[in-house]
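Visitor: Dropping in structure.cif, which is mmCIF, C-alpha atoms:
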```cif
data_work
#
loop_
_atom_site.group_PDB
_atom_site.id
_atom_site.type_symbol
_atom_site.label_atom_id
_atom_site.label_comp_id
_atom_site.auth_asym_id
_atom_site.auth_seq_id
_atom_site.Cartn_x
_atom_site.Cartn_y
_atom_site.Cartn_z
ATOM 1 C CA MET A 1 0.000 0.000 0.000
ATOM 2 C CA MET A 2 1.546 3.296 -1.125
ATOM 3 C CA ASN A 3 0.540 5.636 1.673
ATOM 4 C CA LEU A 4 2.379 8.871 2.488
ATOM 5 C CA PRO A 5 5.013 7.356 4.831
ATOM 6 C CA ASN A 6 5.895 4.720 2.213
ATOM 7 C CA ILE A 7 6.135 7.376 -0.494
ATOM 8 C CA LEU A 8 8.533 9.356 1.742
ATOM 9 C CA THR A 9 10.617 6.212 2.214
ATOM 10 C CA LEU A 10 10.857 5.707 -1.555
ATOM 11 C CA CYS A 11 11.745 9.387 -1.949
ATOM 12 C CA ARG A 12 14.587 8.886 0.536
ATOM 13 C CA ILE A 13 15.968 6.018 -1.541
ATOM 14 C CA ALA A 14 15.723 8.213 -4.661
ATOM 15 C CA LEU A 15 17.599 10.991 -2.842
ATOM 16 C CA VAL A 16 20.367 8.543 -1.920
ATOM 17 C CA ILE A 17 20.692 7.663 -5.605
ATOM 18 C CA LEU A 18 20.876 11.392 -6.431
ATOM 19 C CA TYR A 19 23.424 11.933 -3.652
ATOM 20 C CA THR A 20 25.647 9.163 -4.981
ATOM 21 C CA ALA A 21 25.228 10.125 -8.631
ATOM 22 C CA VAL A 22 26.206 13.787 -8.272
ATOM 23 C CA LEU A 23 29.272 12.911 -6.219
ATOM 24 C CA ALA A 24 30.297 10.350 -8.829
ATOM 25 C CA VAL A 25 30.137 13.018 -11.554
ATOM 26 C CA ASP A 26 32.644 15.347 -9.938
ATOM 27 C CA GLY A 27 35.037 15.049 -6.999
ATOM 28 C CA LEU A 28 34.866 17.330 -3.981
ATOM 29 C CA PRO A 29 37.595 19.892 -3.309
ATOM 30 C CA HIS A 30 40.304 18.722 -0.914
ATOM 31 C CA GLU A 31 41.882 22.150 -0.479
ATOM 32 C CA GLY A 32 40.624 25.659 -0.104
ATOM 33 C CA VAL A 33 37.382 24.779 1.661
ATOM 34 C CA ASN A 34 37.917 27.697 4.063
ATOM 35 C CA ALA A 35 38.125 30.287 1.303
ATOM 36 C CA VAL A 36 35.443 32.953 1.040
ATOM 37 C CA THR A 37 34.684 33.544 -2.631
ATOM 38 C CA ALA A 38 31.266 35.245 -2.606
ATOM 39 C CA GLY A 39 28.250 35.994 -0.423
ATOM 40 C CA TRP A 40 26.573 33.753 2.074
ATOM 41 C CA PHE A 41 25.630 30.277 0.908
ATOM 42 C CA SER A 42 27.514 30.621 -2.381
ATOM 43 C CA PRO A 43 28.693 27.074 -3.118
ATOM 44 C CA ILE A 44 32.345 26.362 -3.752
ATOM 45 C CA SER A 45 31.288 23.019 -5.237
ATOM 46 C CA VAL A 46 27.956 22.662 -7.024
ATOM 47 C CA THR A 47 28.017 18.872 -6.808
ATOM 48 C CA ALA A 48 28.761 18.983 -3.077
ATOM 49 C CA CYS A 49 25.942 21.491 -2.607
ATOM 50 C CA ILE A 50 23.430 19.268 -4.405
ATOM 51 C CA ALA A 51 24.629 16.255 -2.431
ATOM 52 C CA LEU A 52 24.359 18.157 0.868
ATOM 53 C CA TRP A 53 20.767 19.242 0.337
ATOM 54 C CA ALA A 54 19.749 15.846 -1.031
ATOM 55 C CA PHE A 55 21.139 14.372 2.180
ATOM 56 C CA VAL A 56 19.403 16.950 4.406
ATOM 57 C CA VAL A 57 16.013 16.349 2.760
ATOM 58 C CA ALA A 58 16.548 12.582 3.002
ATOM 59 C CA ALA A 59 17.335 12.948 6.725
ATOM 60 C CA ILE A 60 14.112 14.931 7.222
ATOM 61 C CA THR A 61 12.061 12.220 5.501
ATOM 62 C CA ASP A 62 13.709 9.707 7.848
ATOM 63 C CA PHE A 63 11.956 11.432 10.742
ATOM 64 C CA LEU A 64 8.709 12.201 8.953
ATOM 65 C CA ASP A 65 7.844 8.768 7.561
ATOM 66 C CA GLY A 66 8.125 7.016 10.922
ATOM 67 C CA TYR A 67 6.302 9.826 12.743
ATOM 68 C CA LEU A 68 3.404 9.875 10.286
ATOM 69 C CA ALA A 69 3.151 6.091 10.189
ATOM 70 C CA ARG A 70 2.837 5.869 13.971
ATOM 71 C CA LYS A 71 0.614 8.936 14.435
ATOM 72 C CA TYR A 72 -1.943 7.995 11.787
ATOM 73 C CA ASN A 73 -1.640 4.206 12.101
ATOM 74 C CA LEU A 74 -0.204 3.820 8.609
ATOM 75 C CA VAL A 75 2.328 1.111 9.481
ATOM 76 C CA THR A 76 2.667 -1.469 6.691
ATOM 77 C CA ASP A 77 4.865 -4.486 6.036
ATOM 78 C CA PHE A 78 6.461 -2.559 3.168
ATOM 79 C CA GLY A 79 7.354 0.282 5.522
ATOM 80 C CA LYS A 80 8.746 -2.081 8.163
ATOM 81 C CA LEU A 81 11.106 -3.516 5.549
ATOM 82 C CA MET A 82 12.028 -0.481 3.468
ATOM 83 C CA ASP A 83 12.250 2.248 6.118
ATOM 84 C CA PRO A 84 15.245 0.786 8.022
ATOM 85 C CA LEU A 85 16.787 -0.347 4.723
ATOM 86 C CA ALA A 86 16.581 3.208 3.345
ATOM 87 C CA ASP A 87 18.183 4.531 6.540
ATOM 88 C CA LYS A 88 21.068 2.098 6.255
ATOM 89 C CA ILE A 89 21.667 2.913 2.578
ATOM 90 C CA LEU A 90 21.659 6.643 3.345
ATOM 91 C CA VAL A 91 24.104 6.453 6.249
ATOM 92 C CA CYS A 92 26.455 3.906 4.656
ATOM 93 C CA ALA A 93 26.639 5.845 1.368
ATOM 94 C CA ALA A 94 27.553 9.040 3.212
ATOM 95 C CA PHE A 95 30.189 7.452 5.463
ATOM 96 C CA ILE A 96 31.829 5.610 2.572
ATOM 97 C CA TYR A 97 32.161 8.849 0.647
ATOM 98 C CA LEU A 98 33.424 10.829 3.631
ATOM 99 C CA THR A 99 36.077 8.168 4.149
ATOM 100 C CA TYR A 100 37.031 8.542 0.467
ATOM 101 C CA VAL A 101 37.579 12.304 0.906
ATOM 102 C CA ASP A 102 39.527 11.787 4.157
ATOM 103 C CA MET A 103 36.918 13.331 6.462
ATOM 104 C CA CYS A 104 36.048 10.129 8.311
ATOM 105 C CA PRO A 105 38.463 7.468 9.620
ATOM 106 C CA PHE A 106 38.248 4.164 7.779
ATOM 107 C CA TRP A 107 37.725 2.184 10.983
ATOM 108 C CA VAL A 108 34.671 4.247 11.931
ATOM 109 C CA THR A 109 32.976 3.453 8.630
ATOM 110 C CA ILE A 110 33.757 -0.244 9.100
ATOM 111 C CA ILE A 111 32.211 -0.231 12.600
ATOM 112 C CA ILE A 112 29.074 1.492 11.347
ATOM 113 C CA ILE A 113 28.595 -0.829 8.366
ATOM 114 C CA PHE A 114 29.336 -3.898 10.521
ATOM 115 C CA ARG A 115 26.739 -2.797 13.070
ATOM 116 C CA GLU A 116 24.093 -2.289 10.380
ATOM 117 C CA PHE A 117 24.664 -5.777 8.937
ATOM 118 C CA LEU A 118 24.710 -7.306 12.425
ATOM 119 C CA VAL A 119 21.428 -5.692 13.496
ATOM 120 C CA THR A 120 19.752 -6.559 10.195
ATOM 121 C CA GLY A 121 20.796 -10.191 10.605
ATOM 122 C CA LEU A 122 19.566 -10.358 14.202
ATOM 123 C CA ARG A 123 16.220 -8.852 13.257
ATOM 124 C CA GLN A 124 15.778 -11.301 10.390
ATOM 125 C CA LEU A 125 16.642 -14.192 12.691
ATOM 126 C CA ALA A 126 14.139 -12.945 15.254
ATOM 127 C CA VAL A 127 11.416 -12.718 12.591
ATOM 128 C CA THR A 128 11.965 -16.355 11.650
ATOM 129 C CA LYS A 129 11.283 -17.202 15.318
ATOM 130 C CA GLY A 130 8.097 -15.144 15.344
ATOM 131 C CA CYS A 131 9.588 -12.315 17.398
ATOM 132 C CA VAL A 132 10.374 -8.657 16.758
ATOM 133 C CA ILE A 133 13.426 -6.797 18.066
ATOM 134 C CA ALA A 134 12.185 -3.235 18.399
ATOM 135 C CA ALA A 135 14.341 -0.162 17.847
ATOM 136 C CA ASP A 136 15.624 1.321 21.104
ATOM 137 C CA TRP A 137 16.419 4.885 22.174
ATOM 138 C CA CYS A 138 20.147 4.277 21.681
ATOM 139 C CA GLY A 139 19.619 3.329 18.057
ATOM 140 C CA LYS A 140 17.551 6.447 17.421
ATOM 141 C CA TRP A 141 20.140 8.743 18.977
ATOM 142 C CA LYS A 142 22.813 6.870 17.045
ATOM 143 C CA THR A 143 21.096 7.729 13.776
ATOM 144 C CA GLY A 144 20.820 11.371 14.820
ATOM 145 C CA ALA A 145 24.526 11.573 15.666
ATOM 146 C CA GLN A 146 25.503 9.922 12.382
ATOM 147 C CA LEU A 147 23.334 12.285 10.335
ATOM 148 C CA GLY A 148 24.737 15.237 12.282
ATOM 149 C CA PHE A 149 28.315 14.160 11.565
ATOM 150 C CA CYS A 150 27.649 13.697 7.865
ATOM 151 C CA ILE A 151 26.013 17.115 7.551
ATOM 152 C CA ALA A 152 28.808 18.763 9.569
ATOM 153 C CA CYS A 153 31.329 17.295 7.105
ATOM 154 C CA MET A 154 29.422 18.153 3.957
ATOM 155 C CA VAL A 155 28.632 21.803 4.782
ATOM 156 C CA PRO A 156 32.252 23.048 4.457
ATOM 157 C CA LEU A 157 32.753 20.897 1.356
ATOM 158 C CA ALA A 158 29.759 22.604 -0.233
ATOM 159 C CA TYR A 159 30.127 26.190 1.008
ATOM 160 C CA GLY A 160 33.613 26.606 2.452
ATOM 161 C CA GLY A 161 33.648 29.841 4.425
ATOM 162 C CA ASN A 162 30.650 31.350 2.624
ATOM 163 C CA LEU A 163 28.401 31.030 5.666
ATOM 164 C CA PRO A 164 26.933 33.412 8.242
ATOM 165 C CA GLU A 165 27.979 33.243 11.867
ATOM 166 C CA PRO A 166 27.728 31.030 13.880
ATOM 167 C CA LEU A 167 27.534 28.462 11.062
ATOM 168 C CA ARG A 168 30.909 29.580 9.760
ATOM 169 C CA THR A 169 32.601 29.069 13.146
ATOM 170 C CA LEU A 170 30.956 25.659 13.557
ATOM 171 C CA SER A 171 31.918 24.530 10.039
ATOM 172 C CA ILE A 172 35.521 25.561 9.389
ATOM 173 C CA GLY A 173 38.770 25.846 11.301
ATOM 174 C CA LEU A 174 39.070 24.635 14.871
ATOM 175 C CA GLY A 175 35.356 25.115 15.476
ATOM 176 C CA GLY A 176 34.511 22.852 12.565
ATOM 177 C CA GLU A 177 36.981 20.208 13.711
ATOM 178 C CA LEU A 178 35.490 20.292 17.216
ATOM 179 C CA THR A 179 31.919 20.019 15.901
ATOM 180 C CA ARG A 180 32.763 17.089 13.649
ATOM 181 C CA GLY A 181 34.792 15.439 16.410
ATOM 182 C CA ILE A 182 31.876 15.577 18.864
ATOM 183 C CA PHE A 183 29.443 14.105 16.349
ATOM 184 C CA LEU A 184 32.008 11.490 15.290
ATOM 185 C CA TRP A 185 32.618 10.141 18.784
ATOM 186 C CA LEU A 186 28.927 10.255 19.624
ATOM 187 C CA SER A 187 28.331 8.207 16.475
ATOM 188 C CA VAL A 188 30.985 5.664 17.439
ATOM 189 C CA LEU A 189 29.851 5.281 21.055
ATOM 190 C CA LEU A 190 26.140 5.113 20.246
ATOM 191 C CA THR A 191 26.732 2.755 17.313
ATOM 192 C CA ALA A 192 28.710 0.385 19.523
ATOM 193 C CA GLY A 193 26.232 0.726 22.392
ATOM 194 C CA SER A 194 23.169 0.074 20.265
ATOM 195 C CA GLY A 195 24.892 -2.867 18.563
ATOM 196 C CA ILE A 196 25.676 -4.432 21.940
ATOM 197 C CA ASN A 197 22.110 -3.809 23.116
ATOM 198 C CA TYR A 198 20.693 -5.565 20.043
ATOM 199 C CA CYS A 199 23.016 -8.503 20.690
ATOM 200 C CA ILE A 200 21.729 -8.709 24.260
ATOM 201 C CA GLN A 201 18.124 -8.622 23.053
ATOM 202 C CA GLY A 202 18.839 -11.252 20.412
ATOM 203 C CA ARG A 203 21.097 -13.491 22.494
ATOM 204 C CA ARG A 204 18.439 -16.211 22.737
ATOM 205 C CA PHE A 205 18.479 -16.492 18.938
ATOM 206 C CA LEU A 206 22.265 -16.847 18.884
ATOM 207 C CA SER A 207 22.460 -19.805 21.253
#
```
Go ahead and express the file in the form of structure tokens.
Guide:
Amino acid sequence: MMNLPNILTLCRIALVILYTAVLAVDGLPHEGVNAVTAGWFSPISVTACIALWAFVVAAITDFLDGYLARKYNLVTDFGKLMDPLADKILVCAAFIYLTYVDMCPFWVTIIIIFREFLVTGLRQLAVTKGCVIAADWCGKWKTGAQLGFCIACMVPLAYGGNLPEPLRTLSIGLGGELTRGIFLWLSVLLTAGSGINYCIQGRRFLS
């Protein structure tokens, strides 16, 4: 059934395809991201700008589809399958690219992808036993931290120093490094914590 939450989920998958496609067309700048070349929000990389806003809109739909499905009782089997899958595709695509442009450590991306495969496997195993492993608060905060880190990395790649305060301070220089560092370590800790929690919940299926 193609209700509004399911349509938003499909839109998120389409935005991930757009995100990946525009970054494949042209590489992002590795130098000069702090330079101010024009007025506020003048992109220093058109492809990075398109990718950034595709990612932001996709992140918004991540919140909206689940909220609408629960509020208006529009939960479907299609949504249960595709919503978490779309989230995983979105996050993994972003982290892989940020590792490619040296903005995310390789080991962090490996941990995140490993956790997503692990949780997916545990949930599938639980389903075969007639049980459901529900998402927990740690997993939800984990997603928020990951999305925050990705956006914090992509903003300077798209706009450099062409931002108003305080966005400029939070995006470039020491302020930008601190912002990305906070989101990065929150992502790592919450990813590990939620992965361990899912293992605890699914331990009876692993015995």
Visitor: Would you work out the distance separating atom CA of Gly202 of chain A from atom CA of Phe114 of chain A, expressed in Å to one decimal?
Guide: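 For atom CA of Gly202 of chain A relative to atom CA of Phe114 of chain A, the distance reads 16.2 Å.
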Visitor: My list of candidates is A:Met2, A:Ile200, A:Ala51, A:Leu190. Which is closest to Ala94 of chain A when distances are computed with all atoms listed in the file?
Guide: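 Nearest candidate to Ala94 of chain A out of A:Met2, A:Ile200, A:Ala51, A:Leu190: A:Ala51.
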Visitor: Using the chain letters and numbers from the file, give me the residues hit by the PyMOL selection byres ((chain A and resi 184-186) around 8), as a VMD selection string.
Guide: chain A and resid 142 145 to 146 149 180 to 183 187 to 190
Visitor: When the PyMOL selection byres ((chain A and resi 77-82) around 10) is applied to the file above, which residues end up in the set, as a compact mmCIF listing (two decimals) with C-alpha atoms, in the coordinates of the input?
Guide:
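And here is the file that came out, out32.txt:
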```txt
# COMPACT_ATOMS: atom_id res chain seq x y z
CA MET A 1 0.00 0.00 0.00
CA MET A 2 1.55 3.30 -1.12
CA ASN A 3 0.54 5.64 1.67
CA PRO A 5 5.01 7.36 4.83
CA ASN A 6 5.90 4.72 2.21
CA ILE A 7 6.14 7.38 -0.49
CA LEU A 8 8.53 9.36 1.74
CA THR A 9 10.62 6.21 2.21
CA LEU A 10 10.86 5.71 -1.56
CA ILE A 13 15.97 6.02 -1.54
CA ASP A 65 7.84 8.77 7.56
CA GLY A 66 8.12 7.02 10.92
CA ALA A 69 3.15 6.09 10.19
CA LEU A 74 -0.20 3.82 8.61
CA VAL A 75 2.33 1.11 9.48
CA THR A 76 2.67 -1.47 6.69
CA ASP A 83 12.25 2.25 6.12
CA PRO A 84 15.24 0.79 8.02
CA LEU A 85 16.79 -0.35 4.72
CA ALA A 86 16.58 3.21 3.34
CA ASP A 87 18.18 4.53 6.54
CA LYS A 88 21.07 2.10 6.26
```
Visitor: Using only C-alpha atoms, which of A:Thr47, A:Thr191, A:Asn73, A:Thr99 sits nearest Gly144 of chain A?
Guide: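 With only C-alpha atoms as the atom set, the closest residue is A:Thr191.
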Visitor: Find the residues near Ser194 of chain A: any atom within 12 Å, counting only C-alpha atoms, skip ones fewer than 3 places away on the same chain, and give them as number ranges by chain.
Guide: A: 111-112, 115-116, 118-119, 134-143, 186-191, 197-201
Visitor: Residues at most 8 Å from Leu98 of chain A, counting only C-alpha atoms, excluding those fewer than 4 positions away in the same chain, as a PyMOL selection string?
Guide: chain A and resi 94+102-104+150+153
Visitor: For each of A:Leu125, A:Ile113, A:Ile196, A:Ile44, take the minimum atom-to-atom distance to Gly161 of chain A, counting only C-alpha atoms, then give the residue where this is smallest.
Guide: A:Ile44
Visitor: Would you mind telling me which residue in A:Ala48, A:Leu4, A:Leu147, A:Leu178 lies nearest to Val25 of chain A when using all atoms listed in the file?
Guide: A:Ala48
Visitor: Between atom CA of Ala14 of chain A and atom CA of Ser171 of chain A, what is the spacing in Å?
Guide: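 The value is 27.3 Å.
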Visitor: Give me, as a list in words, all polymer residues having an atom no more than 6 Å from segment 95-97 of chain A, counting all atoms listed in the file and skipping those fewer than 3 positions away in the same chain.
Guide: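 Within the cut-off, the hits are Cys92, Tyr100 and Thr109 of chain A.
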